[in-house]
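Asker: Below are the structure tokens for one structure; questions will follow.
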Amino acid sequence: MRFLHSADWQLGMTRHFLDEDAQARYSQARIDAVRTLARIAGETECAFAVVSGDVFEHNQLDRRTVARALDALRAFTVPVYLLPGNHDPLDAASIFRSAAFVEGQPDGVHVLTSRDAIEVAPGVEIVGVPWTSKRPLQDLVADTLGELAAAPGIVRVMVAHGGVDVLSPDAADPALIELARVEAALADGRIHYLALGDRHSLTSVGGSGRVWYPGAPEPTAFRELDAGKALVVEIDGERCDVTPHTIGTWRFVDGTYQLDGDGDLDGLAEELDSMPDRERTVLRVVLRGTLTLTQKARLDDMMAQARDVFAGVEEWERHTDLAVRPDDADFADLDVAGFAKDAVDELRAAAAGSDESAATARDALSLLLRLAGRRT
């Protein structure tokens, strides 16, 4: 028996570092990922699909986003079981109870609204563990496992959401899933696989090979190690084979660059030009080193051009340490006179300091050189 395990679609997500055009492409990619999941489920002959929480970004999405999500879900030719998670809990305002969702819900799409075991195929059950609030005060998985007894001849998949105690730095979180209890339930046959959501990186938990986070189908942040995946799980009472499939088309890339002259700027320009899929790549850069004002003007031009072609470019200011040192050569051929020359001289004098006003003066001079065409 095979099934598709996905999670953390978070449809309707917005990212502050994307402009309007890039955000529209990112939103479309997340909808397209649902159709890709449907295609993989069909190609691998899955019996059903589960989505382990956070189908939607939150419970107050506009009707159009919900309608587009449901239209994408119609691409599945097998039943799909959606679990409410911390982003879209099954509370009084649940998006799964909204008119937009209920009126457009395809026949094969089911919401796991209780912890009751559901027979999804002969000899196969799903047990959902839905979130009913954003901040549970107990381990919902442990509570549900305590209500289950082993059922000989039944393969049971539990679908849950949240952090696991062995991975979380917050030991005081009462909602953490206790791995020891899960492994005990796997050992005595109460469940045979725990399909988790919440962690956006592909992760196998523990040593059983039966507890997995598939990660988000499209990356959402730089810190994710192996996002953009979904899992095809082949399971019976004795074995469990898990195969990752790549879904994501976007990339979040960190880059640290040491810039101490034109040669380093040449290398940066070459690397930026050679990056693939720039329209679907969000780049975060850390810049270190020392540049002249002319070189800084060139760097500013390069970054401005990168922002035109990449999905997003941001400088990680907290880790950036780029010094700008005005050089006489910066102004040797600058053709200014009168009040303009006086202003340049004042800025040059101010730029020699180390306080905030000096940084502002250097930025102003760099902009002047860019506008004057002083690029190398």
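All residue names refer to the structure tokens as shown: chains lettered A, B, ... in order, residues numbered from 1 in each chain, ligands numbered from 1 in order.
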Per residue of region 137-256 of chain A within 12 Å of region 15-21 of chain A, which atom pair is closest and at what distance in Å (one decimal), using only C-alpha atoms, listed by chain and increasing number, as a tab-separated table?

Answerer:
```
residue	atom	partner	partner_atom	distance
A:Pro219	CA	A:Arg15	CA	11.3
A:Thr220	CA	A:Arg15	CA	8.2
A:Ala221	CA	A:Arg15	CA	9.0
A:Phe222	CA	A:Phe17	CA	11.8
A:Phe252	CA	A:Phe17	CA	11.4
```

Asker: For the residues in that selection, give me C-alpha atoms as a PDB file, in the first residue's frame.

Answerer:
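Once written, selection32.pdb looks like this:
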```
ATOM      1  CA  PRO A 219      10.758  26.545   0.358  1.00  0.00           C
ATOM      2  CA  THR A 220       9.670  29.364   2.644  1.00  0.00           C
ATOM      3  CA  ALA A 221      12.857  30.602   4.357  1.00  0.00           C
ATOM      4  CA  PHE A 222      16.654  30.551   4.248  1.00  0.00           C
ATOM      5  CA  PHE A 252      16.466  30.555  -0.919  1.00  0.00           C
TER       6      PHE A 252
END
```

Asker: Check the DSSP output for the backbone and give back, as JSON, numbers by chain, the residues of region 147-371 of chain A in strand (DSSP E or B).

Answerer: {"A": [155, 156, 157, 158, 159, 160, 161, 164, 177, 193, 194, 195, 196, 197, 203, 204, 211, 212, 213, 229, 230, 231, 232, 233, 234, 235, 240, 241, 242, 243, 244, 245, 246, 251, 252, 253, 254, 255, 256, 257, 258, 259, 281, 282, 283, 284, 285, 286, 287, 288, 289, 290, 291, 312, 313, 314, 315, 321, 322, 323, 324]}

Asker: Please produce a file of those selected residues containing C-alpha atoms, as an mmCIF file, in the first residue's frame.

Answerer:
```cif
data_model
loop_
_atom_site.group_PDB
_atom_site.id
_atom_site.type_symbol
_atom_site.label_atom_id
_atom_site.label_comp_id
_atom_site.auth_asym_id
_atom_site.auth_seq_id
_atom_site.Cartn_x
_atom_site.Cartn_y
_atom_site.Cartn_z
ATOM 1 C CA VAL A 155 -2.104 -0.832 8.881
ATOM 2 C CA ARG A 156 -2.606 2.435 10.715
ATOM 3 C CA VAL A 157 -1.221 5.827 9.691
ATOM 4 C CA MET A 158 -1.352 8.661 12.207
ATOM 5 C CA VAL A 159 -1.432 12.180 10.758
ATOM 6 C CA ALA A 160 -0.225 14.866 13.175
ATOM 7 C CA HIS A 161 1.391 18.274 13.413
ATOM 8 C CA VAL A 164 9.058 16.621 18.453
ATOM 9 C CA ILE A 177 5.356 15.368 20.734
ATOM 10 C CA TYR A 193 3.665 5.346 10.501
ATOM 11 C CA LEU A 194 3.515 8.874 11.938
ATOM 12 C CA ALA A 195 3.030 11.480 9.193
ATOM 13 C CA LEU A 196 4.159 14.769 10.700
ATOM 14 C CA GLY A 197 3.968 18.386 9.627
ATOM 15 C CA THR A 203 13.457 15.086 8.326
ATOM 16 C CA SER A 204 13.398 11.516 9.550
ATOM 17 C CA VAL A 211 8.360 9.018 11.680
ATOM 18 C CA TRP A 212 8.848 11.699 9.033
ATOM 19 C CA TYR A 213 8.417 15.349 8.215
ATOM 20 C CA LYS A 229 9.953 17.699 -1.070
ATOM 21 C CA ALA A 230 7.098 15.237 -0.612
ATOM 22 C CA LEU A 231 7.201 11.585 0.413
ATOM 23 C CA VAL A 232 5.784 8.466 -1.179
ATOM 24 C CA VAL A 233 5.406 5.897 1.592
ATOM 25 C CA GLU A 234 5.071 2.180 0.888
ATOM 26 C CA ILE A 235 4.065 0.335 4.015
ATOM 27 C CA CYS A 240 8.161 0.827 5.539
ATOM 28 C CA ASP A 241 9.907 2.351 2.509
ATOM 29 C CA VAL A 242 9.975 6.141 2.212
ATOM 30 C CA THR A 243 10.948 7.830 -1.054
ATOM 31 C CA PRO A 244 11.409 11.621 -1.292
ATOM 32 C CA HIS A 245 10.246 13.390 -4.445
ATOM 33 C CA THR A 246 11.327 16.900 -5.394
ATOM 34 C CA ARG A 251 15.364 28.540 -3.937
ATOM 35 C CA PHE A 252 16.466 30.555 -0.919
ATOM 36 C CA VAL A 253 20.224 31.089 -1.191
ATOM 37 C CA ASP A 254 22.663 32.537 1.347
ATOM 38 C CA GLY A 255 25.930 33.984 0.086
ATOM 39 C CA THR A 256 28.894 35.476 1.929
ATOM 40 C CA TYR A 257 31.282 37.585 -0.164
ATOM 41 C CA GLN A 258 34.665 39.059 0.711
ATOM 42 C CA LEU A 259 35.069 42.216 -1.346
ATOM 43 C CA THR A 281 15.672 32.593 -6.402
ATOM 44 C CA VAL A 282 15.700 34.719 -3.254
ATOM 45 C CA LEU A 283 19.248 35.754 -2.387
ATOM 46 C CA ARG A 284 20.485 36.931 0.996
ATOM 47 C CA VAL A 285 24.024 38.316 0.963
ATOM 48 C CA VAL A 286 26.611 39.028 3.631
ATOM 49 C CA LEU A 287 29.188 41.537 2.403
ATOM 50 C CA ARG A 288 32.593 41.935 4.025
ATOM 51 C CA GLY A 289 35.782 43.746 3.124
ATOM 52 C CA THR A 290 36.957 47.227 2.128
ATOM 53 C CA LEU A 291 36.073 49.129 -1.039
ATOM 54 C CA GLY A 312 14.406 38.954 -4.145
ATOM 55 C CA VAL A 313 17.755 40.255 -2.924
ATOM 56 C CA GLU A 314 18.413 41.405 0.604
ATOM 57 C CA GLU A 315 21.547 42.278 2.511
ATOM 58 C CA ASP A 321 30.929 44.298 7.670
ATOM 59 C CA LEU A 322 31.777 46.317 4.583
ATOM 60 C CA ALA A 323 34.013 49.352 5.017
ATOM 61 C CA VAL A 324 34.100 52.144 2.435
#
```

Asker: For each of A:Thr44, A:Gln105, A:Ser133, A:Ser52, take the minimum atom-to-atom distance to Tyr81 (chain A), counting only C-alpha atoms, then give the residue where this is smallest.

Answerer: A:Ser52

Asker: Rounded to one decimal in Å, what is the spacing between CA of Thr36 (chain A) and CA of Val78 (chain A)?

Answerer: 13.6 Å

Asker: Residues within 12 Å of region 118-125 of chain A, please, as an MDAnalysis selection string. Count only C-alpha atoms; anything in the same chain fewer than 6 positions from it doesn't count.

Answerer: chainID A and resid 1:3 46:50 78:81 108 110:112 148 150:159 190:193 235:237

Asker: Just give me the gap between CA of Arg97 (chain A) and CA of Pro84 (chain A) in Å, one decimal is fine.

Answerer: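 The value is 11.1 Å.
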
Asker: Find the distance between CA of Ala100 (chain A) and CA of Leu61 (chain A) and write it in Å to one decimal.

Answerer: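 Distance between the two atoms: 9.9 Å.
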
Asker: Which one of A:Leu202, A:Val129, A:Ala187, A:Leu73 sits closest to Phe101 (chain A) if you count only C-alpha atoms?

Answerer: A:Leu73

Asker: From the set A:Arg74, A:Met275, A:Asp188, A:Glu238, which residue has the shortest atom-to-atom contact distance to Val109 (chain A), counting only C-alpha atoms?

Answerer: A:Arg74

Asker: Contacts of region 24-27 of chain A at 9 Å or less, counting only C-alpha atoms, minus same-chain residues fewer than 2 places along, as a VMD selection string?

Answerer: chain A and resid 11 to 15 18 to 22 29 to 32 218 250 279 to 280 311

Asker: Could you write out that same residue set with N, CA and C atoms as a tab-separated table (two decimals), in the first residue's frame?

Answerer:
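Wrote it out as part-v8.tsv, contents follow:
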```tsv
chain	number	residue	atom	x	y	z
A	11	LEU	N	-0.86	27.77	1.88
A	11	LEU	CA	-1.36	28.52	0.74
A	11	LEU	C	-1.87	29.88	1.22
A	12	GLY	N	-1.50	30.91	0.48
A	12	GLY	CA	-1.81	32.28	0.89
A	12	GLY	C	-0.66	32.96	1.60
A	13	MET	N	0.48	32.28	1.72
A	13	MET	CA	1.65	32.86	2.38
A	13	MET	C	2.19	34.05	1.59
A	14	THR	N	2.58	35.10	2.31
A	14	THR	CA	3.29	36.22	1.71
A	14	THR	C	4.66	36.35	2.37
A	15	ARG	N	5.62	36.87	1.63
A	15	ARG	CA	6.98	37.07	2.12
A	15	ARG	C	7.34	38.55	1.99
A	18	LEU	N	9.57	39.95	-0.95
A	18	LEU	CA	9.15	39.83	-2.34
A	18	LEU	C	8.33	41.04	-2.74
A	19	ASP	N	8.61	41.61	-3.91
A	19	ASP	CA	7.77	42.68	-4.39
A	19	ASP	C	6.48	42.10	-4.97
A	20	GLU	N	5.62	42.97	-5.46
A	20	GLU	CA	4.30	42.52	-5.90
A	20	GLU	C	4.39	41.49	-7.02
A	21	ASP	N	5.29	41.72	-7.97
A	21	ASP	CA	5.43	40.80	-9.09
A	21	ASP	C	5.96	39.45	-8.62
A	22	ALA	N	7.01	39.45	-7.81
A	22	ALA	CA	7.59	38.19	-7.33
A	22	ALA	C	6.62	37.45	-6.42
A	29	ALA	N	3.38	29.49	-7.70
A	29	ALA	CA	4.22	28.29	-7.55
A	29	ALA	C	3.68	27.37	-6.47
A	30	ARG	N	3.13	27.94	-5.42
A	30	ARG	CA	2.59	27.13	-4.32
A	30	ARG	C	1.31	26.41	-4.76
A	31	ILE	N	0.51	27.06	-5.58
A	31	ILE	CA	-0.67	26.40	-6.15
A	31	ILE	C	-0.23	25.31	-7.13
A	32	ASP	N	0.76	25.64	-7.95
A	32	ASP	CA	1.27	24.65	-8.92
A	32	ASP	C	1.82	23.42	-8.20
A	218	GLU	N	7.20	23.88	-1.28
A	218	GLU	CA	8.01	24.98	-1.78
A	218	GLU	C	8.74	25.61	-0.60
A	250	TRP	N	11.42	26.88	-6.29
A	250	TRP	CA	12.04	28.10	-5.78
A	250	TRP	C	13.25	27.75	-4.93
A	279	GLU	N	14.72	34.16	-11.48
A	279	GLU	CA	13.38	34.69	-11.23
A	279	GLU	C	12.66	33.92	-10.12
A	280	ARG	N	13.22	32.75	-9.73
A	280	ARG	CA	12.65	31.96	-8.63
A	280	ARG	C	13.66	31.78	-7.50
A	311	ALA	N	14.21	37.01	-7.80
A	311	ALA	CA	12.91	37.14	-7.12
A	311	ALA	C	13.02	38.09	-5.94
```

Asker: Assign secondary structure with DSSP using the backbone only, and return the residues of region 129-315 of chain A in helix (DSSP H, G or I) as a ChimeraX atom specification.

Answerer: /A:140-145,179-187,262-274,278-280,293-309

Asker: Rank A:Leu145, A:Leu265, A:Leu272, A:Ala185 by their smallest atom-to-atom distance to Leu299 (chain A), using only C-alpha atoms, and report the top residue only.

Answerer: A:Leu265

Asker: Excluding Gln10 (chain A) and residues on its chain fewer than 6 positions from it, collect all residues at most 6 Å away from it, counting only C-alpha atoms, and give them as a compact mmCIF listing (two decimals) with C-alpha atoms, in the first residue's frame.

Answerer:
```txt
# COMPACT_ATOMS: atom_id res chain seq x y z
CA ASP A 54 -0.98 24.00 7.74
CA VAL A 55 -2.75 23.59 4.43
CA PHE A 56 -3.47 27.33 4.59
CA GLU A 57 -1.38 30.20 5.91
```

Asker: From the options A:Thr113, A:Thr360, A:Ser274, A:Ser201, which residue's atoms come nearest to Thr132 (chain A), counting only C-alpha atoms?

Answerer: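 Using only C-alpha atoms, the shortest distance to Thr132 (chain A) belongs to A:Thr113.
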